[in-house]
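So this one's entry21.cif, mmCIF, C-alpha atoms:
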```cif
data_run
#
loop_
_atom_site.label_atom_id
_atom_site.label_comp_id
_atom_site.auth_asym_id
_atom_site.auth_seq_id
_atom_site.Cartn_x
_atom_site.Cartn_y
_atom_site.Cartn_z
CA MET A 582 -53.49 24.34 28.24
CA LEU A 583 -51.29 21.96 30.24
CA THR A 584 -51.94 21.79 34.00
CA VAL A 585 -49.46 20.12 36.35
CA SER A 586 -49.72 19.53 40.11
CA THR A 587 -47.10 18.42 42.60
CA VAL A 588 -47.56 17.41 46.22
CA ASN A 589 -45.76 15.55 49.00
CA VAL A 590 -48.53 13.26 50.25
CA ASN A 591 -46.78 12.26 53.51
CA GLY A 592 -47.78 8.63 52.98
CA ILE A 593 -50.13 7.67 50.15
CA ARG A 594 -52.22 5.29 52.28
CA ALA A 595 -52.81 7.87 55.01
CA ALA A 596 -53.49 10.61 52.46
CA ALA A 597 -55.99 8.43 50.60
CA ALA A 598 -57.97 7.97 53.80
CA LYS A 599 -57.99 11.71 54.53
CA GLY A 600 -59.00 13.18 51.17
CA PHE A 601 -56.31 12.66 48.55
CA THR A 602 -58.55 10.36 46.51
CA GLU A 603 -61.25 13.00 46.28
CA TRP A 604 -58.66 15.63 45.36
CA LEU A 605 -57.24 13.44 42.55
CA ASN A 606 -60.72 12.75 41.20
CA ALA A 607 -61.44 16.47 41.05
CA THR A 608 -58.14 17.87 39.79
CA PRO A 609 -58.03 19.29 36.25
CA ALA A 610 -54.32 18.43 36.03
CA GLU A 611 -53.00 16.33 33.15
CA VAL A 612 -49.91 15.43 35.18
CA VAL A 613 -49.61 14.87 38.95
CA CYS A 614 -46.27 14.38 40.70
CA LEU A 615 -46.22 12.78 44.15
CA GLN A 616 -43.49 12.54 46.77
CA GLU A 617 -43.04 10.61 50.01
CA VAL A 618 -45.57 7.94 49.03
CA ARG A 619 -43.92 5.47 51.48
CA ALA A 620 -45.31 2.41 49.74
CA GLU A 621 -44.50 -0.32 47.27
CA PRO A 622 -46.76 -0.42 44.19
CA ASP A 623 -48.72 -3.35 45.64
CA GLN A 624 -49.24 -1.38 48.87
CA PHE A 625 -50.99 1.48 47.11
CA PRO A 626 -54.74 1.51 47.59
CA ALA A 627 -56.08 -0.44 44.60
CA HIS A 628 -57.95 2.55 43.20
CA LEU A 629 -54.74 4.62 43.21
CA ARG A 630 -52.33 2.02 41.85
CA ALA A 631 -53.58 2.44 38.28
CA PRO A 632 -56.59 4.78 38.27
CA ASP A 633 -58.84 4.85 35.22
CA GLY A 634 -57.66 7.45 32.75
CA TRP A 635 -54.15 7.72 34.20
CA HIS A 636 -50.77 6.26 33.25
CA THR A 637 -48.85 5.61 36.47
CA LEU A 638 -45.17 5.34 37.39
CA ILE A 639 -44.27 4.41 40.98
CA ALA A 640 -40.70 4.48 42.32
CA PRO A 641 -40.54 3.07 45.86
CA ALA A 642 -37.49 3.32 48.09
CA ALA A 643 -35.31 0.30 48.83
CA ALA A 644 -35.69 1.27 52.49
CA LYS A 645 -39.24 0.10 53.19
CA GLY A 646 -41.74 2.68 54.37
CA ARG A 647 -39.58 5.65 53.44
CA ALA A 648 -39.47 8.21 50.64
CA GLY A 649 -40.91 7.03 47.31
CA VAL A 650 -42.18 9.11 44.39
CA ALA A 651 -44.82 8.63 41.71
CA LEU A 652 -46.22 10.24 38.60
CA TYR A 653 -49.72 10.17 37.16
CA SER A 654 -50.24 11.31 33.57
CA ARG A 655 -53.40 11.43 31.47
CA ILE A 656 -51.10 11.49 28.42
CA ALA A 657 -49.35 8.24 27.51
CA PRO A 658 -45.59 8.53 28.08
CA THR A 659 -43.26 7.55 25.28
CA SER A 660 -40.80 6.26 27.90
CA SER A 661 -40.03 6.52 31.60
CA ARG A 662 -37.20 6.00 34.04
CA ILE A 663 -36.61 5.61 37.76
CA GLY A 664 -33.60 7.43 39.16
CA PHE A 665 -31.13 9.53 37.20
CA GLY A 666 -28.23 7.18 36.65
CA ASP A 667 -26.50 7.48 40.03
CA PRO A 668 -25.94 4.12 41.77
CA GLU A 669 -26.28 5.59 45.26
CA PHE A 670 -29.69 7.13 44.65
CA ASP A 671 -31.42 5.16 41.89
CA THR A 672 -33.20 2.87 44.37
CA SER A 673 -33.77 5.53 47.03
CA GLY A 674 -37.27 6.52 45.87
CA ARG A 675 -36.12 10.07 45.25
CA TYR A 676 -36.71 10.59 41.54
CA ALA A 677 -38.81 9.30 38.64
CA GLU A 678 -39.27 10.71 35.17
CA MET A 679 -41.71 10.45 32.28
CA GLN A 680 -41.03 11.39 28.68
CA LEU A 681 -44.23 12.80 27.22
CA PRO A 682 -44.43 13.72 23.52
CA THR A 683 -43.05 17.26 23.96
CA LEU A 684 -42.22 17.38 27.66
CA THR A 685 -39.92 15.63 30.11
CA VAL A 686 -41.47 15.75 33.59
CA GLY A 687 -39.81 14.56 36.77
CA SER A 688 -41.02 14.00 40.34
CA LEU A 689 -38.32 14.84 42.90
CA TYR A 690 -38.03 14.20 46.63
CA LEU A 691 -34.71 15.76 47.59
CA PRO A 692 -33.29 14.51 50.92
CA ALA A 693 -34.17 16.66 53.92
CA GLY A 694 -30.77 16.61 55.59
CA GLU A 695 -29.74 17.37 59.16
CA VAL A 696 -26.78 19.59 59.96
CA GLY A 697 -23.74 17.78 61.32
CA THR A 698 -24.96 14.29 60.37
CA GLU A 699 -24.58 11.80 57.54
CA ARG A 700 -28.05 12.84 56.39
CA GLN A 701 -26.66 16.25 55.44
CA ALA A 702 -23.69 14.69 53.68
CA GLU A 703 -26.12 12.49 51.73
CA LYS A 704 -28.16 15.56 50.77
CA GLU A 705 -25.03 17.30 49.49
CA ARG A 706 -24.01 14.28 47.41
CA PHE A 707 -27.51 14.10 45.96
CA MET A 708 -27.53 17.80 45.07
CA LYS A 709 -24.20 17.53 43.26
CA ALA A 710 -25.23 14.48 41.24
CA PHE A 711 -28.72 15.78 40.49
CA HIS A 712 -27.41 19.15 39.29
CA ALA A 713 -25.49 17.33 36.57
CA HIS A 714 -28.67 15.50 35.52
CA LEU A 715 -30.67 18.73 35.46
CA THR A 716 -28.07 20.37 33.24
CA ALA A 717 -27.96 17.43 30.84
CA LEU A 718 -31.77 17.32 30.58
CA ASN A 719 -32.04 21.00 29.76
CA THR A 720 -29.21 20.91 27.25
CA GLU A 721 -30.74 17.96 25.42
CA ALA A 722 -34.23 19.48 25.45
CA ALA A 723 -32.94 22.81 24.15
CA ALA A 724 -31.48 21.09 21.12
CA THR A 725 -34.81 19.47 20.23
CA GLY A 726 -37.35 22.12 21.24
CA ARG A 727 -38.77 19.98 24.02
CA ALA A 728 -39.49 21.32 27.49
CA VAL A 729 -38.42 20.10 30.93
CA LEU A 730 -40.38 20.37 34.17
CA ILE A 731 -39.02 19.10 37.49
CA CYS A 732 -41.66 19.12 40.21
CA GLY A 733 -41.45 18.14 43.82
CA ASP A 734 -40.31 18.63 47.36
CA TRP A 735 -36.87 20.23 47.02
CA ASN A 736 -36.47 20.60 50.81
CA ILE A 737 -34.81 24.01 50.41
CA ALA A 738 -36.36 27.43 50.93
CA HIS A 739 -34.58 29.66 48.43
CA GLN A 740 -35.15 33.18 49.75
CA GLU A 741 -36.20 34.86 52.97
CA ALA A 742 -39.65 35.28 51.41
CA ASP A 743 -39.92 31.50 51.18
CA ILE A 744 -39.85 30.81 54.92
CA LYS A 745 -41.79 32.55 57.66
CA ASN A 746 -39.21 32.24 60.44
CA TRP A 747 -36.10 32.67 58.31
CA LYS A 748 -34.00 34.34 61.01
CA ALA A 749 -34.32 31.33 63.33
CA ASN A 750 -33.52 28.83 60.57
CA GLN A 751 -30.32 30.20 59.07
CA LYS A 752 -28.26 27.37 60.55
CA ASN A 753 -30.80 24.63 59.88
CA SER A 754 -30.91 22.27 56.92
CA GLY A 755 -33.32 23.59 54.34
CA PHE A 756 -32.16 27.19 54.67
CA LEU A 757 -28.38 26.91 54.80
CA PRO A 758 -26.45 29.42 52.66
CA GLU A 759 -24.82 26.66 50.64
CA GLU A 760 -28.18 24.98 49.94
CA ARG A 761 -29.69 28.25 48.80
CA GLU A 762 -26.69 28.95 46.59
CA TRP A 763 -27.11 25.52 45.03
CA LEU A 764 -30.75 26.27 44.24
CA THR A 765 -29.68 29.56 42.68
CA SER A 766 -27.26 27.60 40.48
CA VAL A 767 -30.15 25.40 39.32
CA MET A 768 -31.72 28.56 37.94
CA THR A 769 -28.55 30.17 36.59
CA ASP A 770 -26.06 27.49 35.57
CA ALA A 771 -28.60 24.75 34.77
CA GLY A 772 -31.11 27.16 33.23
CA TYR A 773 -34.35 26.50 35.12
CA VAL A 774 -37.05 28.93 36.22
CA ASP A 775 -38.96 28.87 39.52
CA VAL A 776 -42.45 29.20 38.05
CA VAL A 777 -44.31 30.05 41.28
CA ARG A 778 -41.90 32.81 42.27
CA THR A 779 -41.90 34.22 38.74
CA LEU A 780 -45.69 34.52 38.82
CA HIS A 781 -45.77 35.70 42.45
CA PRO A 782 -42.85 38.13 42.79
CA GLY A 783 -42.27 40.23 45.88
CA VAL A 784 -44.63 38.36 48.22
CA GLU A 785 -44.11 36.13 51.24
CA GLY A 786 -44.68 32.53 50.24
CA PRO A 787 -47.03 31.25 49.06
CA TYR A 788 -45.96 28.56 51.54
CA SER A 789 -46.49 24.90 50.70
CA TRP A 790 -45.47 23.12 53.93
CA TRP A 791 -46.52 23.66 57.53
CA SER A 792 -45.56 21.56 60.52
CA PHE A 793 -48.34 19.53 62.11
CA ARG A 794 -47.05 20.75 65.46
CA GLY A 795 -48.47 23.77 67.26
CA LYS A 796 -50.27 26.52 65.36
CA ALA A 797 -47.98 26.61 62.32
CA PHE A 798 -50.82 26.09 59.84
CA ASP A 799 -53.27 28.41 61.55
CA ASN A 800 -50.62 31.15 61.73
CA ASP A 801 -49.40 30.47 58.19
CA SER A 802 -45.92 29.91 59.59
CA GLY A 803 -44.69 27.78 56.72
CA TRP A 804 -41.97 27.06 54.18
CA ARG A 805 -42.11 27.21 50.40
CA ILE A 806 -40.13 24.11 49.46
CA ASP A 807 -42.37 22.55 46.79
CA TYR A 808 -41.35 23.87 43.38
CA GLN A 809 -42.11 23.54 39.70
CA MET A 810 -38.77 24.21 38.01
CA ALA A 811 -39.25 24.66 34.27
CA SER A 812 -37.04 25.08 31.26
CA ALA A 813 -37.14 28.64 29.96
CA ASN A 814 -39.41 27.87 27.00
CA LEU A 815 -42.06 26.33 29.27
CA ALA A 816 -41.75 28.98 31.99
CA THR A 817 -42.37 31.69 29.43
CA VAL A 818 -45.87 30.31 28.76
CA ALA A 819 -46.82 29.70 32.41
CA SER A 820 -50.15 31.43 33.02
CA SER A 821 -51.02 30.60 36.64
CA ALA A 822 -49.55 29.12 39.80
CA VAL A 823 -51.69 28.23 42.81
CA THR A 824 -50.87 26.64 46.16
CA GLU A 825 -53.98 24.68 47.11
CA ARG A 826 -53.95 25.41 50.83
CA ALA A 827 -56.64 23.57 52.77
CA ALA A 828 -59.45 25.69 54.16
CA SER A 829 -58.74 24.50 57.70
CA TYR A 830 -56.29 22.40 59.71
CA GLY A 831 -58.78 19.56 59.92
CA GLU A 832 -59.22 19.35 56.15
CA ARG A 833 -55.54 18.70 55.45
CA TRP A 834 -54.57 15.31 54.04
CA SER A 835 -50.84 16.08 54.16
CA ASP A 836 -48.51 18.55 55.84
CA HIS A 837 -47.85 19.86 52.30
CA ALA A 838 -50.31 21.50 49.90
CA PRO A 839 -50.53 20.78 46.17
CA VAL A 840 -48.78 23.33 43.96
CA THR A 841 -50.60 23.58 40.62
CA CYS A 842 -49.41 25.48 37.55
CA ALA A 843 -50.94 25.98 34.11
CA TYR A 844 -48.95 26.36 30.90
CA ASP A 845 -49.96 27.32 27.39
CA TRP A 846 -48.04 24.35 26.02
CA ASP A 847 -48.97 21.96 23.23
CA LEU A 848 -48.11 18.40 24.20
CA ALA A 849 -48.39 17.27 20.58
CA ALA A 850 -46.41 19.81 18.53
CA VAL A 851 -42.73 20.34 19.29
CA PRO A 852 -41.66 23.98 18.81
CA ALA A 853 -38.40 25.04 17.20
CA PRO A 854 -35.21 24.28 19.14
CA ARG A 855 -34.08 26.93 21.59
CA ALA A 856 -30.78 28.75 21.44
CA PRO A 857 -28.16 27.38 23.87
CA ILE A 858 -28.82 28.60 27.39
CA GLU A 859 -26.02 30.70 28.80
CA GLY A 860 -27.85 31.48 32.03
CA VAL A 861 -31.32 32.44 33.18
CA ALA A 862 -31.64 35.41 35.48
CA ALA A 863 -32.59 34.44 39.02
CA THR A 864 -33.26 36.46 42.11
CA ALA A 865 -30.08 36.63 44.13
CA VAL A 866 -29.87 34.86 47.45
CA ASP A 867 -30.52 37.33 50.25
#
```

Translate the structure of the given file into structure tokens.
Amino acid sequence: MLTVSTVNVNGIRAAAAKGFTEWLNATPAEVVCLQEVRAEPDQFPAHLRAPDGWHTLIAPAAAKGRAGVALYSRIAPTSSRIGFGDPEFDTSGRYAEMQLPTLTVGSLYLPAGEVGTERQAEKERFMKAFHAHLTALNTEAAATGRAVLICGDWNIAHQEADIKNWKANQKNSGFLPEEREWLTSVMTDAGYVDVVRTLHPGVEGPYSWWSFRGKAFDNDSGWRIDYQMASANLATVASSAVTERAASYGERWSDHAPVTCAYDWDLAAVPAPRAPIEGVAATAVD
């Protein structure tokens, strides 16, 4: 069984002081993907820079104190990369990738955007470039029998069920029609599967982000924006998907919760190559 967790830590140093270290020590996951670490490798707490038993990849942003992603793997990677070959974004701390023996796993922090600003234009450029990378990854993996898993903070709620106050957010970044259509295309044109939604159909949430402001957490007024997007062969063997929501507001170490999925996947033996993907059915955008 392969277990993978993803979480936006909202600053690795702050999270470490609030409970992330204890969570990492207790997790059964073989792979952990982090986003918004906001730190250079030498700024990580020493015990989290290269923890015993973990292979670590840290991709800080060129803009100090912003963004940044990381991966922890108990399995030694055969190779790794930072960025996805786009000059604008390869030093932005938005993406890092490990090649494990039978699995390519990526940690993604997609830009948040803001309607009517350059931040939204940047988000749109990122989505276009990243879609091409996603397609190439899945095509290559299909030819070899490998699997692909892209985990992280995608900063888009796909369906009405993925955001509590969807009516009030239809003109806000994160729930724009064009963003939602793009995420649909990730699942149709690029061939990925939203593992959490597949295992939890027809329910609201489970949300993975709640604002620190007001009573959002207490009222479960959240967004589901943290995804594990898997190639079809890996999604087919997904057995569980859990959002590890803190028991109380005071026990949170981030404004996000870890999303943890288990897969009946052998990291040592590569299965037979898949047939070319012509499209994976996805729930239509409301």

Next item on the list: Quick one: everything within 12 Å of A:Ala728, counting all atoms listed in the file, minus sequence neighbours fewer than 6 positions away in the same chain. Send it as JSON, numbers by chain.
Entry: {"A": [680, 681, 682, 683, 684, 685, 686, 687, 718, 719, 720, 721, 722, 772, 773, 774, 810, 811, 812, 813, 814, 815, 816, 817, 818, 844, 846, 847, 848, 849, 850, 851, 852, 853, 854, 855]}

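Evaluated on this file, the PyMOL selection byres ((chain A and resi 694-697) around 10) matches Leu691, Pro692, Ala693, Thr698, Glu699, Arg700, Gln701, Ala702, Glu703, Lys704, Glu705, Asn736, Ile737, Lys752, Asn753, Ser754, Gly755 and Leu757 of chain A.
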
Can you spit out the residues from that selection as a PDB file, keeping the file's coordinate frame, using C-alpha atoms?
```pdb
ATOM      1  CA  LEU A 691     -34.710  15.760  47.590  1.00  0.00           C
ATOM      2  CA  PRO A 692     -33.290  14.510  50.920  1.00  0.00           C
ATOM      3  CA  ALA A 693     -34.170  16.660  53.920  1.00  0.00           C
ATOM      4  CA  THR A 698     -24.960  14.290  60.370  1.00  0.00           C
ATOM      5  CA  GLU A 699     -24.580  11.800  57.540  1.00  0.00           C
ATOM      6  CA  ARG A 700     -28.050  12.840  56.390  1.00  0.00           C
ATOM      7  CA  GLN A 701     -26.660  16.250  55.440  1.00  0.00           C
ATOM      8  CA  ALA A 702     -23.690  14.690  53.680  1.00  0.00           C
ATOM      9  CA  GLU A 703     -26.120  12.490  51.730  1.00  0.00           C
ATOM     10  CA  LYS A 704     -28.160  15.560  50.770  1.00  0.00           C
ATOM     11  CA  GLU A 705     -25.030  17.300  49.490  1.00  0.00           C
ATOM     12  CA  ASN A 736     -36.470  20.600  50.810  1.00  0.00           C
ATOM     13  CA  ILE A 737     -34.810  24.010  50.410  1.00  0.00           C
ATOM     14  CA  LYS A 752     -28.260  27.370  60.550  1.00  0.00           C
ATOM     15  CA  ASN A 753     -30.800  24.630  59.880  1.00  0.00           C
ATOM     16  CA  SER A 754     -30.910  22.270  56.920  1.00  0.00           C
ATOM     17  CA  GLY A 755     -33.320  23.590  54.340  1.00  0.00           C
ATOM     18  CA  LEU A 757     -28.380  26.910  54.800  1.00  0.00           C
TER      19      LEU A 757
END
```

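This file, filtered with the PyMOL selection byres ((chain A and resi 666) around 12), gives the residues Arg662, Ile663, Gly664, Phe665, Asp667, Pro668, Glu669, Phe670, Asp671, Thr672, Ser673, Tyr676, Ala677, Glu678, Phe707, Ala710, Phe711, Ala713, His714, Leu715 and Ala717 of chain A.
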
Margin query: Going by the chain IDs and residue numbers used in this file, which residues fall under the PyMOL selection byres ((chain A and resi 739) around 7)? Write them as a ChimeraX atom specification.
Written below: /A:737-738,740,743,761,764

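Separating atom CA of A:Val612 from atom CA of A:Val840 is a distance of 11.9 Å.
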
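Our summary of the geometry notes that atom CA of A:Ala723 is positioned 24.6 Å from atom CA of A:Tyr690.
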
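Separating atom CA of A:His781 from atom CA of A:Arg826 is a distance of 15.6 Å.
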
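The environment of A:Cys842 within 6 Å, counting all atoms listed in the file and disregarding residues fewer than 3 places along the same chain, consists of Thr584, Val585, Ser821 and Ala822 of chain A.
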
Next item on the list: Could you tell me which of A:Asn606, A:Met679, A:Met708, A:Ala644 comes closest to A:Leu629 if we count only C-alpha atoms?
Entry: A:Asn606

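Residues within 9 Å of A:Tyr788, counting only C-alpha atoms and excluding same-chain residues fewer than 5 positions away, are Asp743, Ile744, Lys745, Asp801, Ser802, Gly803, Trp804, Arg805, Ile806, Asp807, Thr824, Arg826, His837 and Ala838 of chain A.
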
Please, could you write that set of residues out with C-alpha atoms as an mmCIF file, in the coordinates of the input?
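Wrote it out as again_21.cif, contents follow:
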```cif
data_model
loop_
_atom_site.group_PDB
_atom_site.id
_atom_site.type_symbol
_atom_site.label_atom_id
_atom_site.label_comp_id
_atom_site.auth_asym_id
_atom_site.auth_seq_id
_atom_site.Cartn_x
_atom_site.Cartn_y
_atom_site.Cartn_z
ATOM 1 C CA ASP A 743 -39.920 31.500 51.180
ATOM 2 C CA ILE A 744 -39.850 30.810 54.920
ATOM 3 C CA LYS A 745 -41.790 32.550 57.660
ATOM 4 C CA ASP A 801 -49.400 30.470 58.190
ATOM 5 C CA SER A 802 -45.920 29.910 59.590
ATOM 6 C CA GLY A 803 -44.690 27.780 56.720
ATOM 7 C CA TRP A 804 -41.970 27.060 54.180
ATOM 8 C CA ARG A 805 -42.110 27.210 50.400
ATOM 9 C CA ILE A 806 -40.130 24.110 49.460
ATOM 10 C CA ASP A 807 -42.370 22.550 46.790
ATOM 11 C CA THR A 824 -50.870 26.640 46.160
ATOM 12 C CA ARG A 826 -53.950 25.410 50.830
ATOM 13 C CA HIS A 837 -47.850 19.860 52.300
ATOM 14 C CA ALA A 838 -50.310 21.500 49.900
#
```

Note to self: Could you list, as a list in words, every residue within 7 Å of stretch 591-603 of chain A, counting only C-alpha atoms and ignoring same-chain residues fewer than 6 positions away?
What the structure shows: Glu617, Val618, Arg619, Phe625, Pro626, Trp834, Ser835 and Asp836 of chain A

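The residue that comes closest to A:Ser688, out of A:Lys645, A:Ala627, A:Gln809, A:Ile656 and on the basis of all atoms listed in the file, is A:Gln809.
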
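Distances from A:Lys709, A:Thr716, A:Thr841, A:Ala797 to A:Trp763 were compared using all atoms listed in the file, and the smallest one belongs to A:Lys709.
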